[in-house]
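A.B. asks: Take a look at the following structure, please.
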2 protein chains.
Amino acid sequence: MGQNRRHAGPQPTLASVAERAGVSRQTVSNALNNPELLREDTLARVQAVIDEVGYTPNRAARQLRTRSSHMIGLRFEPAQEGTSNALMDRFVHTLVEATAKTGHHIVLFSGDPADPLDGYDDLLRSTAVDAFVITDTYAGTPQADLLARVGAPFVTFGRPWDDPGAKHPWVDVDGARGAELATEHLLAAGHARVAWLGWEKGSRIGEDRRTGWQRAMAAAGAVTAGLGVRITDNVDAARMAAHELLEDPTVTGFACVSDTIGIGVLHALAERGLRPGVDVGVVGFDDSLGAQVTWPGLTSVRQPLEQVAIEIVELVHTVLSHKLVEQPARMLEPSLVVRRSTQRSAVGG
Amino acid sequence: MGQNRRHAGPQPTLASVAERAGVSRQTVSNALNNPELLREDTLARVQAVIDEVGYTPNRAARQLRTRSSHMIGLRFEPAQEGTSNALMDRFVHTLVEATAKTGHHIVLFSGDPADPLDGYDDLLRSTAVDAFVITDTYAGTPQADLLARVGAPFVTFGRPWDDPGAKHPWVDVDGARGAELATEHLLAAGHARVAWLGWEKGSRIGEDRRTGWQRAMAAAGAVTAGLGVRITDNVDAARMAAHELLEDPTVTGFACVSDTIGIGVLHALAERGLRPGVDVGVVGFDDSLGAQVTWPGLTSVRQPLEQVAIEIVELVHTVLSHKLVEQPARMLEPSLVVRRSTQRSAVGG
DNA sequence: GATTAGGATTGGAACGATCCAGTCCGGGTG
DNA sequence: CACCCGGACTGGATCGTTCCAATCCTAATC
């Protein structure tokens, strides 16, 4: 619809539509933005002309007048090779779909990796975007501070770790709960001593997930001493740490802070001839592509990224319409995707 | 710079800068867009005021007048779970960086998955974007046809398979050459009989890559009869196909059309107790995350996505400045990333 | 039939930039 | 000295929309 433009002449404008329909520009504008103001027959007549000539409002003109671009900025950080943070892909896609429904679009921009603030100010001052979505809050939230200071609307994916009293809207996933789910799952599968392979200190997200492991272990009356290990996020570091822990044959469960690390544990098992799921249970985190394709399949904690994106868009919408909500924060629950790395059933064939 | 806005009053405009600098609006405009037209001292004076008040041109106004938004549209297709097409991540990121250098931004949009044309027309007619980058040309190029018809600028990542005479600009990676590299590598490693695991017929990309395998085999005087298999792009299908081929113990090399399929072959090896690299060589395609983290590491054909993005931006720029190039098409060479799945050296430890 | 209320519609004035057709000015030329 | 030239700069018009205040119209009320 609207695609059947008959004449390939100049783009139709509001004025040309108005003239053709025998009404004023304002009436056409209202037909688009406040149709309830028009009499039924007038609306129908205007609509007919709009369809006939294939009119689409000019965004620039609208943006200039209304001072809103219907664009949402997202700084697209470089994905580190070798780690499984390509989960952004899933998130961004849902974000695009969710924003499309409210007539918004996502504008990507980049910035000096050393300066987390780079790029925001420019887009904002040139009125190119109405709001921002901020995804990397793990290292503090200087962007949030900047934007809050200049009064720019934004929503973060990630709670304000450093400043729990921050009033800005955010959506996050309960990582501790995820690790708890993972650990409970391993305990229920009969692995009494579950190790934790986490990131090095300093990662708020990592520490949060770790508390979930501790909570589950404590609830089961299990000892955690010597079972919590901190390493960097790569396959080899995890492989070596797993080898070390596996020297103690009573350690048969591994809850991991990431899929990358979970995969590293699977590598160690392969090298030792231990059967994943049967001899040793392993759970990763993020349900990345790696978890899905690695042999024989890695059980993983899945974040509801689709839901996160949807809620973020809702909050953006709320903020932009100045309907301030009392507590504009949402904590979502992760879930567990069970694969063979925690299943005792026969593997193969 | 420009960030030291002193007063948080209303946004400075061209007119306000002009007044403060004691010149006309046009002069300020020229200072920004055609500085060579100004006398040196005038330029310096205007610049000083611009910096002082922290002026940034309003994009909407500029866009309205010049009819160009400096935005480039990219339809962000849903990533299929379970397949390794997260390589878009790497591509998109470079695209964002490359466009930033020319003052452009990437706007993501989505569309009805059933309608490859959905979304383009709207963005174009509302003058929201100046050009498009099209990434999925594997299923024909209806978008390219549409855009060419309405005279909209665009560049595709992927050659026009159906219409080799198409005149639109494109950048692509020589997939046949990639498969040839993979096959040559396996042959050189002593695997005389190299099987090809490809996609089902109908995929132009898949067929193209397949010819590379055939070329390398023919050059080596090797027989391909019974060694070319077509399956769907998932781990299990590949695993089963590999099992079947491995019934013939002379088949010790696998060139695969994707990493997903390569990983499936690795699964089959694990189930049969065969050592990757030592007993059987496997090469995937795309150098995805899965290839990097899967055990023991999957040799893979890597597309120069960064270079693709850069060349695409160059072409977009060329097209937008109406400097038509004679043959606006670039074919890039892939490379091979060697990992343990094709190395006879000891694995583990 | 004059008055009024309120819904429907209108036309001028922005929004903030660039385009275009000048004007101003200082110096070289005949 | 009149004339012309070209570089530097100016001011109105314009892009396509929405805001605002005013006007028109219809029907109900007195």
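Chain labels run A, B, ... following the order of the structure tokens; each chain numbers its residues from 1, and ligands are numbered from 1 in the order shown.
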Could the residues of chain C that have an atom at most 9 Å from segment 34-52 of chain A be listed as a Markdown table, each with its closest atom pair and the distance in Å to one decimal, counting only C-alpha atoms (C1' of nucleotides) and ordered by chain and ascending residue number?
C.D. replies:
```
| residue | atom | partner | partner_atom | distance |
| --- | --- | --- | --- | --- |
| C:DG7 | C1' | A:Leu37 | CA | 8.3 |
| C:DA8 | C1' | A:Leu38 | CA | 6.6 |
| C:DT9 | C1' | A:Leu38 | CA | 8.8 |
```
A.B. asks: Please produce an output containing N, CA and C atoms (P, O5', C5', C4', C3', O3' and C1' of nucleotides) for each residue in the selection, written as a JSON list (two decimals), in the first residue's frame.
C.D. replies:
```json
[["chain", "number", "residue", "atom", "x", "y", "z"],
["C", 7, "DG", "P", -16.24, 19.84, 21.06],
["C", 7, "DG", "O5'", -16.18, 19.08, 19.67],
["C", 7, "DG", "C5'", -17.41, 18.75, 19.01],
["C", 7, "DG", "C4'", -17.31, 19.07, 17.53],
["C", 7, "DG", "C3'", -16.03, 18.56, 16.86],
["C", 7, "DG", "O3'", -16.40, 17.94, 15.63],
["C", 7, "DG", "C1'", -16.31, 20.86, 16.41],
["C", 8, "DA", "P", -15.34, 17.20, 14.74],
["C", 8, "DA", "O5'", -15.06, 18.27, 13.60],
["C", 8, "DA", "C5'", -16.10, 18.57, 12.68],
["C", 8, "DA", "C4'", -15.59, 19.54, 11.63],
["C", 8, "DA", "C3'", -14.30, 19.09, 10.92],
["C", 8, "DA", "O3'", -14.50, 19.23, 9.53],
["C", 8, "DA", "C1'", -14.04, 21.28, 11.80],
["C", 9, "DT", "P", -13.35, 18.84, 8.52],
["C", 9, "DT", "O5'", -12.60, 20.22, 8.32],
["C", 9, "DT", "C5'", -13.33, 21.33, 7.77],
["C", 9, "DT", "C4'", -12.48, 22.58, 7.80],
["C", 9, "DT", "C3'", -11.12, 22.46, 7.11],
["C", 9, "DT", "O3'", -11.18, 23.22, 5.91],
["C", 9, "DT", "C1'", -11.02, 23.74, 9.13]]
```
A.B. asks: Hey, could you lay chain B over chain A with a least-squares C-alpha fit (all atoms, paired in order) and save it as a CSV table (one decimal) with C-alpha atoms, in the first residue's frame?
C.D. replies:
```
chain,number,residue,atom,x,y,z
B,1,MET,CA,-0.2,0.2,0.2
B,2,GLY,CA,1.0,3.6,-0.7
B,3,GLN,CA,3.4,1.7,-3.0
B,4,ASN,CA,1.3,2.2,-6.1
B,5,ARG,CA,2.7,5.6,-6.9
B,6,ARG,CA,1.5,6.3,-10.4
B,7,HIS,CA,3.7,9.1,-11.5
B,8,ALA,CA,7.4,9.1,-10.8
B,9,GLY,CA,7.5,12.8,-10.6
B,10,PRO,CA,8.7,14.9,-7.7
B,11,GLN,CA,8.0,13.5,-4.2
B,12,PRO,CA,4.5,14.5,-3.1
B,13,THR,CA,4.5,16.9,-0.1
B,14,LEU,CA,1.9,17.8,2.4
B,15,ALA,CA,1.1,20.9,0.4
B,16,SER,CA,0.6,19.1,-2.8
B,17,VAL,CA,-1.7,16.6,-1.1
B,18,ALA,CA,-3.6,19.4,0.5
B,19,GLU,CA,-4.1,21.2,-2.8
B,20,ARG,CA,-5.2,18.0,-4.6
B,21,ALA,CA,-7.7,17.2,-1.8
B,22,GLY,CA,-9.0,20.8,-1.7
B,23,VAL,CA,-8.1,21.3,2.0
B,24,SER,CA,-5.4,23.2,3.9
B,25,ARG,CA,-2.0,21.8,4.8
B,26,GLN,CA,-3.0,21.6,8.5
B,27,THR,CA,-5.9,19.4,7.7
B,28,VAL,CA,-3.7,16.9,5.9
B,29,SER,CA,-1.3,17.1,8.9
B,30,ASN,CA,-4.2,16.4,11.2
B,31,ALA,CA,-5.4,13.5,9.0
B,32,LEU,CA,-2.0,12.0,9.7
B,33,ASN,CA,-1.4,12.8,13.3
B,34,ASN,CA,-4.8,13.6,14.8
B,35,PRO,CA,-7.4,12.0,12.6
B,36,GLU,CA,-10.1,12.3,15.3
B,37,LEU,CA,-10.1,16.0,14.6
B,38,LEU,CA,-11.5,15.6,11.1
B,39,ARG,CA,-15.0,15.1,10.0
B,40,GLU,CA,-15.4,11.6,8.6
B,41,ASP,CA,-15.9,12.5,5.0
B,42,THR,CA,-13.0,14.9,5.0
B,43,LEU,CA,-10.7,12.3,6.5
B,44,ALA,CA,-11.7,9.8,3.8
B,45,ARG,CA,-11.1,12.3,1.0
B,46,VAL,CA,-7.6,13.2,2.3
B,47,GLN,CA,-6.7,9.5,2.9
B,48,ALA,CA,-7.7,8.8,-0.7
B,49,VAL,CA,-5.4,11.4,-2.1
B,50,ILE,CA,-2.6,10.3,0.2
B,51,ASP,CA,-2.9,6.7,-1.0
B,52,GLU,CA,-3.3,7.8,-4.6
B,53,VAL,CA,-0.2,9.8,-4.8
B,54,GLY,CA,1.8,7.7,-2.4
B,55,TYR,CA,2.6,10.4,0.1
B,56,THR,CA,5.0,9.8,2.9
B,57,PRO,CA,5.8,12.6,5.3
B,58,ASN,CA,9.3,14.0,5.0
B,59,ARG,CA,11.2,13.0,8.2
B,60,ALA,CA,13.6,15.8,8.1
B,61,ALA,CA,10.9,18.5,8.0
B,62,ARG,CA,8.9,16.8,10.7
B,63,GLN,CA,12.0,16.3,12.8
B,64,LEU,CA,13.0,20.0,12.4
B,65,ARG,CA,9.6,21.2,13.6
B,66,THR,CA,8.9,18.7,16.3
B,67,ARG,CA,12.4,18.3,17.5
B,68,SER,CA,12.2,14.6,17.6
B,69,SER,CA,13.8,12.2,15.2
B,70,HIS,CA,12.2,9.0,16.2
B,71,MET,CA,15.7,7.5,16.2
B,72,ILE,CA,17.3,5.7,19.1
B,73,GLY,CA,21.0,5.6,19.4
B,74,LEU,CA,22.9,2.4,20.2
B,75,ARG,CA,26.7,2.4,20.5
B,76,PHE,CA,27.8,-0.8,18.9
B,77,GLU,CA,30.8,-2.0,20.8
B,78,PRO,CA,33.4,-4.2,19.1
B,79,ALA,CA,32.8,-7.8,19.6
B,80,GLN,CA,35.9,-9.4,21.0
B,81,GLU,CA,37.0,-12.3,19.0
B,82,GLY,CA,37.2,-15.6,20.9
B,83,THR,CA,34.6,-14.7,23.4
B,84,SER,CA,31.0,-15.5,22.9
B,85,ASN,CA,29.4,-12.0,23.2
B,86,ALA,CA,27.7,-12.5,19.9
B,87,LEU,CA,24.6,-12.6,22.0
B,88,MET,CA,24.3,-9.0,21.1
B,89,ASP,CA,23.0,-10.1,17.8
B,90,ARG,CA,19.9,-11.6,19.3
B,91,PHE,CA,19.3,-8.6,21.4
B,92,VAL,CA,19.8,-6.0,18.7
B,93,HIS,CA,17.5,-7.8,16.4
B,94,THR,CA,14.6,-7.8,18.8
B,95,LEU,CA,15.4,-4.2,19.6
B,96,VAL,CA,15.0,-3.4,16.0
B,97,GLU,CA,11.7,-5.2,15.7
B,98,ALA,CA,10.3,-3.7,18.9
B,99,THR,CA,11.2,-0.2,18.0
B,100,ALA,CA,9.7,-0.6,14.6
B,101,LYS,CA,6.3,-1.1,16.2
B,102,THR,CA,6.5,2.3,17.8
B,103,GLY,CA,7.8,4.0,14.7
B,104,HIS,CA,11.3,4.3,15.9
B,105,HIS,CA,14.6,3.2,14.4
B,106,ILE,CA,17.9,2.1,15.8
B,107,VAL,CA,20.9,4.2,14.8
B,108,LEU,CA,24.3,2.5,15.4
B,109,PHE,CA,27.3,4.5,16.1
B,110,SER,CA,30.8,3.8,17.3
B,111,GLY,CA,33.3,5.6,19.5
B,112,ASP,CA,36.8,5.5,20.7
B,113,PRO,CA,36.9,2.3,22.7
B,114,ALA,CA,39.0,4.0,25.3
B,115,ASP,CA,36.4,6.7,25.8
B,116,PRO,CA,33.0,5.3,26.8
B,117,LEU,CA,31.4,8.7,26.3
B,118,ASP,CA,32.6,9.2,22.8
B,119,GLY,CA,29.8,9.7,20.2
B,120,TYR,CA,26.9,10.3,22.5
B,121,ASP,CA,27.2,14.0,22.7
B,122,ASP,CA,27.5,14.6,19.0
B,123,LEU,CA,24.4,12.6,18.1
B,124,LEU,CA,22.5,14.3,20.9
B,125,ARG,CA,23.4,17.8,20.1
B,126,SER,CA,22.8,17.4,16.4
B,127,THR,CA,19.3,16.2,17.3
B,128,ALA,CA,19.9,13.0,15.4
B,129,VAL,CA,18.5,10.8,18.1
B,130,ASP,CA,15.8,11.2,20.7
B,131,ALA,CA,17.2,8.7,23.2
B,132,PHE,CA,19.9,6.1,23.8
B,133,VAL,CA,20.0,2.5,24.8
B,134,ILE,CA,23.1,1.7,26.8
B,135,THR,CA,24.2,-1.8,27.0
B,136,ASP,CA,27.6,-1.9,28.7
B,137,THR,CA,27.0,-0.9,32.3
B,138,TYR,CA,29.4,-3.5,33.7
B,139,ALA,CA,32.2,-1.0,34.0
B,140,GLY,CA,30.3,1.7,35.8
B,141,THR,CA,27.9,4.0,34.0
B,142,PRO,CA,29.7,7.2,32.9
B,143,GLN,CA,27.4,7.4,29.9
B,144,ALA,CA,24.4,7.3,32.1
B,145,ASP,CA,25.9,10.0,34.3
B,146,LEU,CA,26.6,12.2,31.3
B,147,LEU,CA,23.2,11.7,29.7
B,148,ALA,CA,21.4,12.3,33.0
B,149,ARG,CA,23.4,15.5,33.5
B,150,VAL,CA,22.4,16.9,30.1
B,151,GLY,CA,18.9,15.7,30.5
B,152,ALA,CA,18.9,13.2,27.6
B,153,PRO,CA,16.5,10.3,27.8
B,154,PHE,CA,18.1,6.8,28.0
B,155,VAL,CA,17.5,3.3,29.2
B,156,THR,CA,20.2,0.9,30.2
B,157,PHE,CA,20.5,-2.8,29.8
B,158,GLY,CA,22.1,-3.5,33.1
B,159,ARG,CA,21.4,-2.1,36.6
B,160,PRO,CA,23.5,0.8,38.0
B,161,TRP,CA,26.0,-1.2,39.9
B,162,ASP,CA,27.9,1.7,41.4
B,163,ASP,CA,24.9,3.7,42.3
B,164,PRO,CA,22.0,1.6,43.4
B,165,GLY,CA,20.0,4.8,44.1
B,166,ALA,CA,20.2,6.0,40.5
B,167,LYS,CA,16.8,7.0,39.3
B,168,HIS,CA,17.2,6.2,35.6
B,169,PRO,CA,15.2,3.5,33.9
B,170,TRP,CA,16.9,0.1,33.4
B,171,VAL,CA,16.2,-3.5,32.6
B,172,ASP,CA,18.4,-6.3,33.7
B,173,VAL,CA,18.6,-10.0,34.1
B,174,ASP,CA,19.1,-11.6,37.5
B,175,GLY,CA,22.5,-13.2,36.9
B,176,ALA,CA,22.8,-14.5,40.5
B,177,ARG,CA,19.5,-16.3,40.0
B,178,GLY,CA,21.0,-17.8,36.8
B,179,ALA,CA,24.0,-19.1,38.5
B,180,GLU,CA,21.8,-20.4,41.3
B,181,LEU,CA,19.7,-22.3,38.7
B,182,ALA,CA,22.8,-23.8,37.2
B,183,THR,CA,24.2,-24.9,40.5
B,184,GLU,CA,20.9,-26.3,41.7
B,185,HIS,CA,20.6,-28.2,38.5
B,186,LEU,CA,24.1,-29.7,39.0
B,187,LEU,CA,23.4,-30.6,42.6
B,188,ALA,CA,20.1,-32.2,41.6
B,189,ALA,CA,22.0,-34.3,39.1
B,190,GLY,CA,24.1,-35.7,41.9
B,191,HIS,CA,27.2,-33.6,41.7
B,192,ALA,CA,27.7,-32.8,45.3
B,193,ARG,CA,30.8,-30.7,44.9
B,194,VAL,CA,30.2,-28.0,42.3
B,195,ALA,CA,33.1,-25.7,41.4
B,196,TRP,CA,32.6,-22.1,40.2
B,197,LEU,CA,34.7,-20.8,37.3
B,198,GLY,CA,34.3,-17.1,37.4
B,199,TRP,CA,35.8,-13.9,36.0
B,200,GLU,CA,38.5,-12.1,37.8
B,201,LYS,CA,37.5,-9.6,40.5
B,202,GLY,CA,36.3,-6.3,39.3
B,203,SER,CA,33.5,-7.5,37.2
B,204,ARG,CA,30.2,-6.6,38.9
B,205,ILE,CA,28.3,-9.0,36.7
B,206,GLY,CA,30.8,-11.8,37.5
B,207,GLU,CA,30.6,-11.2,41.2
B,208,ASP,CA,26.8,-11.1,41.1
B,209,ARG,CA,26.7,-14.5,39.3
B,210,ARG,CA,29.1,-15.9,41.8
B,211,THR,CA,26.8,-15.1,44.7
B,212,GLY,CA,24.2,-17.2,43.0
B,213,TRP,CA,26.5,-20.2,43.1
B,214,GLN,CA,27.3,-19.5,46.7
B,215,ARG,CA,23.7,-19.2,47.6
B,216,ALA,CA,22.8,-22.5,46.0
B,217,MET,CA,25.7,-24.3,47.6
B,218,ALA,CA,24.9,-22.9,51.1
B,219,ALA,CA,21.2,-23.9,50.7
B,220,ALA,CA,22.4,-27.4,50.0
B,221,GLY,CA,24.7,-27.4,52.9
B,222,ALA,CA,27.7,-27.9,50.6
B,223,VAL,CA,31.2,-26.6,51.2
B,224,THR,CA,32.6,-24.0,48.7
B,225,ALA,CA,36.1,-23.7,50.1
B,226,GLY,CA,38.7,-24.1,47.3
B,227,LEU,CA,36.0,-24.5,44.7
B,228,GLY,CA,35.7,-20.9,43.5
B,229,VAL,CA,38.2,-20.0,40.9
B,230,ARG,CA,38.7,-16.7,39.1
B,231,ILE,CA,40.2,-16.6,35.5
B,232,THR,CA,40.1,-14.5,32.4
B,233,ASP,CA,37.4,-15.2,29.9
B,234,ASN,CA,39.0,-17.5,27.4
B,235,VAL,CA,38.9,-21.2,26.5
B,236,ASP,CA,42.5,-22.0,27.4
B,237,ALA,CA,42.5,-20.4,30.8
B,238,ALA,CA,39.3,-22.4,31.6
B,239,ARG,CA,40.8,-25.6,30.3
B,240,MET,CA,43.8,-25.3,32.5
B,241,ALA,CA,41.8,-24.3,35.6
B,242,ALA,CA,39.5,-27.3,35.0
B,243,HIS,CA,42.5,-29.6,34.8
B,244,GLU,CA,43.7,-28.4,38.1
B,245,LEU,CA,40.3,-28.8,39.8
B,246,LEU,CA,39.8,-32.2,38.3
B,247,GLU,CA,42.9,-33.5,40.1
B,248,ASP,CA,40.4,-33.8,42.9
B,249,PRO,CA,38.1,-36.6,41.7
B,250,THR,CA,35.3,-35.5,44.0
B,251,VAL,CA,34.8,-32.4,42.0
B,252,THR,CA,32.3,-33.4,39.3
B,253,GLY,CA,30.3,-30.3,38.7
B,254,PHE,CA,31.2,-27.0,37.0
B,255,ALA,CA,29.1,-23.9,37.0
B,256,CYS,CA,30.7,-21.3,34.7
B,257,VAL,CA,30.3,-17.6,34.4
B,258,SER,CA,30.3,-17.8,30.6
B,259,ASP,CA,29.9,-20.3,27.8
B,260,THR,CA,33.5,-19.6,26.7
B,261,ILE,CA,34.7,-20.9,30.1
B,262,GLY,CA,32.2,-23.8,30.0
B,263,ILE,CA,33.6,-24.8,26.6
B,264,GLY,CA,37.1,-24.7,28.1
B,265,VAL,CA,36.0,-27.2,30.7
B,266,LEU,CA,34.6,-29.5,28.1
B,267,HIS,CA,38.0,-29.4,26.4
B,268,ALA,CA,39.7,-30.5,29.6
B,269,LEU,CA,37.2,-33.3,29.9
B,270,ALA,CA,37.9,-34.4,26.3
B,271,GLU,CA,41.7,-34.4,27.1
B,272,ARG,CA,41.1,-36.5,30.2
B,273,GLY,CA,38.8,-39.0,28.6
B,274,LEU,CA,36.0,-37.9,30.9
B,275,ARG,CA,32.4,-38.1,29.6
B,276,PRO,CA,30.5,-34.8,29.8
B,277,GLY,CA,27.2,-35.2,31.6
B,278,VAL,CA,28.1,-38.7,32.7
B,279,ASP,CA,31.3,-38.3,34.7
B,280,VAL,CA,31.2,-34.5,35.0
B,281,GLY,CA,28.4,-31.9,34.7
B,282,VAL,CA,29.1,-28.5,33.1
B,283,VAL,CA,26.9,-25.5,32.8
B,284,GLY,CA,27.8,-22.3,30.9
B,285,PHE,CA,26.2,-18.9,30.8
B,286,ASP,CA,24.5,-17.0,28.0
B,287,ASP,CA,23.3,-19.8,25.7
B,288,SER,CA,25.6,-18.6,23.0
B,289,LEU,CA,26.1,-20.2,19.6
B,290,GLY,CA,29.1,-22.0,21.0
B,291,ALA,CA,27.0,-23.7,23.7
B,292,GLN,CA,24.7,-24.9,21.0
B,293,VAL,CA,27.2,-26.4,18.6
B,294,THR,CA,30.0,-27.5,20.8
B,295,TRP,CA,30.2,-31.3,21.5
B,296,PRO,CA,28.2,-32.8,23.0
B,297,GLY,CA,26.1,-29.7,23.7
B,298,LEU,CA,26.6,-27.3,26.7
B,299,THR,CA,23.8,-26.7,29.2
B,300,SER,CA,23.6,-23.0,29.7
B,301,VAL,CA,21.8,-20.2,31.4
B,302,ARG,CA,19.8,-18.3,28.9
B,303,GLN,CA,19.0,-14.6,29.3
B,304,PRO,CA,15.5,-13.5,28.0
B,305,LEU,CA,17.1,-11.0,25.6
B,306,GLU,CA,14.0,-10.7,23.5
B,307,GLN,CA,12.0,-9.7,26.6
B,308,VAL,CA,14.8,-7.4,27.7
B,309,ALA,CA,14.6,-5.6,24.3
B,310,ILE,CA,10.8,-5.3,24.5
B,311,GLU,CA,10.8,-3.9,28.0
B,312,ILE,CA,13.6,-1.5,27.1
B,313,VAL,CA,11.6,-0.1,24.2
B,314,GLU,CA,8.6,0.2,26.5
B,315,LEU,CA,10.6,2.2,28.9
B,316,VAL,CA,12.1,4.4,26.2
B,317,HIS,CA,8.6,5.1,25.0
B,318,THR,CA,7.5,5.9,28.5
B,319,VAL,CA,10.4,8.3,29.1
B,320,LEU,CA,9.9,10.0,25.7
B,321,SER,CA,6.2,10.7,26.4
B,322,HIS,CA,7.2,12.2,29.8
B,323,LYS,CA,5.1,9.7,31.6
B,324,LEU,CA,7.5,9.2,34.4
B,325,VAL,CA,7.1,5.9,36.2
B,326,GLU,CA,7.7,5.6,39.9
B,327,GLN,CA,10.3,2.8,39.7
B,328,PRO,CA,11.3,2.5,36.1
B,329,ALA,CA,13.4,-0.7,36.6
B,330,ARG,CA,12.7,-4.2,35.6
B,331,MET,CA,14.6,-7.4,36.7
B,332,LEU,CA,14.0,-10.4,34.5
B,333,GLU,CA,14.5,-14.1,35.3
B,334,PRO,CA,16.9,-16.2,33.2
B,335,SER,CA,16.2,-19.8,32.4
B,336,LEU,CA,18.2,-23.0,32.0
B,337,VAL,CA,18.7,-24.7,28.6
B,338,VAL,CA,19.6,-28.3,29.3
B,339,ARG,CA,21.9,-30.1,26.9
B,340,ARG,CA,24.0,-33.2,27.2
B,341,SER,CA,26.8,-31.7,29.3
B,342,THR,CA,24.5,-32.3,32.3
B,343,GLN,CA,22.6,-35.4,31.2
B,344,ARG,CA,23.6,-38.8,32.3
B,345,SER,CA,21.8,-40.4,29.4
B,346,ALA,CA,23.8,-42.1,26.7
B,347,VAL,CA,25.8,-39.8,24.5
B,348,GLY,CA,26.3,-40.5,20.8
B,349,GLY,CA,24.5,-42.5,18.1
```
A.B. asks: Determine which residues of chain D sit within 8 Å of chain B, taking into account only C-alpha atoms (C1' of nucleotides), and present them as a list in words.
C.D. replies: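 Here they are: DA8, DC9, DT10, DC15 and DG16 of chain D.
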A.B. asks: For those residues, write N, CA and C atoms (P, O5', C5', C4', C3', O3' and C1' of nucleotides) to a file as a CSV table (one decimal), in the first residue's frame.
C.D. replies:
```
chain,number,residue,atom,x,y,z
D,8,DA,P,38.5,35.6,-0.8
D,8,DA,O5',37.4,36.5,-0.2
D,8,DA,C5',37.7,37.8,0.3
D,8,DA,C4',36.5,38.4,1.0
D,8,DA,C3',35.8,37.5,2.0
D,8,DA,O3',35.7,38.3,3.2
D,8,DA,C1',34.3,38.4,0.5
D,9,DC,P,35.0,37.5,4.5
D,9,DC,O5',33.5,37.9,4.4
D,9,DC,C5',33.1,39.3,4.3
D,9,DC,C4',31.7,39.5,3.9
D,9,DC,C3',30.6,38.8,4.7
D,9,DC,O3',29.9,39.8,5.5
D,9,DC,C1',30.2,38.7,2.4
D,10,DT,P,28.7,39.4,6.4
D,10,DT,O5',27.5,39.7,5.5
D,10,DT,C5',27.3,41.0,5.0
D,10,DT,C4',26.0,41.0,4.2
D,10,DT,C3',24.7,40.5,4.9
D,10,DT,O3',23.8,41.6,4.9
D,10,DT,C1',24.9,39.5,2.8
D,15,DC,P,10.4,25.3,-2.0
D,15,DC,O5',11.0,24.1,-1.1
D,15,DC,C5',12.2,23.5,-1.4
D,15,DC,C4',12.6,22.6,-0.2
D,15,DC,C3',11.5,21.9,0.4
D,15,DC,O3',11.3,20.6,-0.1
D,15,DC,C1',12.9,23.0,2.0
D,16,DG,P,9.9,20.1,-0.5
D,16,DG,O5',9.2,19.7,0.9
D,16,DG,C5',9.8,18.7,1.6
D,16,DG,C4',9.1,18.6,2.9
D,16,DG,C3',7.6,18.4,2.9
D,16,DG,O3',7.2,17.5,3.8
D,16,DG,C1',8.1,20.3,4.2
```
A.B. asks: Would you mind telling me which residue in C:DC25, C:DA14, C:DA5, C:DC19 lies nearest to chain A when using only C-alpha atoms (C1' of nucleotides)?
C.D. replies: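 Ranking C:DC25, C:DA14, C:DA5, C:DC19 by distance to chain A, first place goes to C:DA14.
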A.B. asks: Please provide as a PyMOL selection string all residues within 10 Å of DG12 of chain D, with the sequence filter that same-chain residues fewer than 2 positions apart are discarded (counting only C-alpha atoms (C1' of nucleotides)).
C.D. replies: (chain C and resi 20-21) or (chain D and resi 10+14)
A.B. asks: For DA28 of chain D, list every protein, DNA or RNA residue within 12 Å, evaluated using only C-alpha atoms (C1' of nucleotides), and leave out those in the same chain fewer than 4 positions away; present the list as a PyMOL selection string.
C.D. replies: chain C and resi 3-6
A.B. asks: Keeping only N, CA and C atoms (P, O5', C5', C4', C3', O3' and C1' of nucleotides), write the selected residues to a file as a compact mmCIF listing (two decimals), in the first residue's frame.
C.D. replies:
```txt
# COMPACT_ATOMS: atom_id res chain seq x y z
P DT C 3 -27.60 38.83 18.52
O5' DT C 3 -27.47 37.46 19.28
C5' DT C 3 -28.18 37.25 20.49
C4' DT C 3 -27.61 36.04 21.20
C3' DT C 3 -26.07 36.00 21.25
O3' DT C 3 -25.66 35.73 22.58
C1' DT C 3 -26.92 33.98 20.34
P DT C 4 -24.13 35.67 22.97
O5' DT C 4 -23.87 34.11 23.04
C5' DT C 4 -24.84 33.26 23.63
C4' DT C 4 -24.42 31.82 23.45
C3' DT C 4 -22.91 31.59 23.50
O3' DT C 4 -22.63 30.47 24.32
C1' DT C 4 -23.80 30.63 21.54
P DA C 5 -21.31 30.39 25.20
O5' DA C 5 -20.99 28.83 25.15
C5' DA C 5 -22.09 27.90 25.13
C4' DA C 5 -21.74 26.75 24.22
C3' DA C 5 -20.25 26.35 24.25
O3' DA C 5 -20.17 24.96 24.48
C1' DA C 5 -20.99 26.62 22.02
P DG C 6 -18.83 24.29 25.00
O5' DG C 6 -18.41 23.41 23.77
C5' DG C 6 -19.38 22.65 23.06
C4' DG C 6 -18.86 22.39 21.68
C3' DG C 6 -17.34 22.12 21.62
O3' DG C 6 -17.09 21.10 20.68
C1' DG C 6 -17.89 23.77 20.11
```
A.B. asks: One decimal, Å: what's the distance from atom C1' of DG27 of chain C over to atom C1' of DA2 of chain D, could you say?
C.D. replies: 14.1 Å
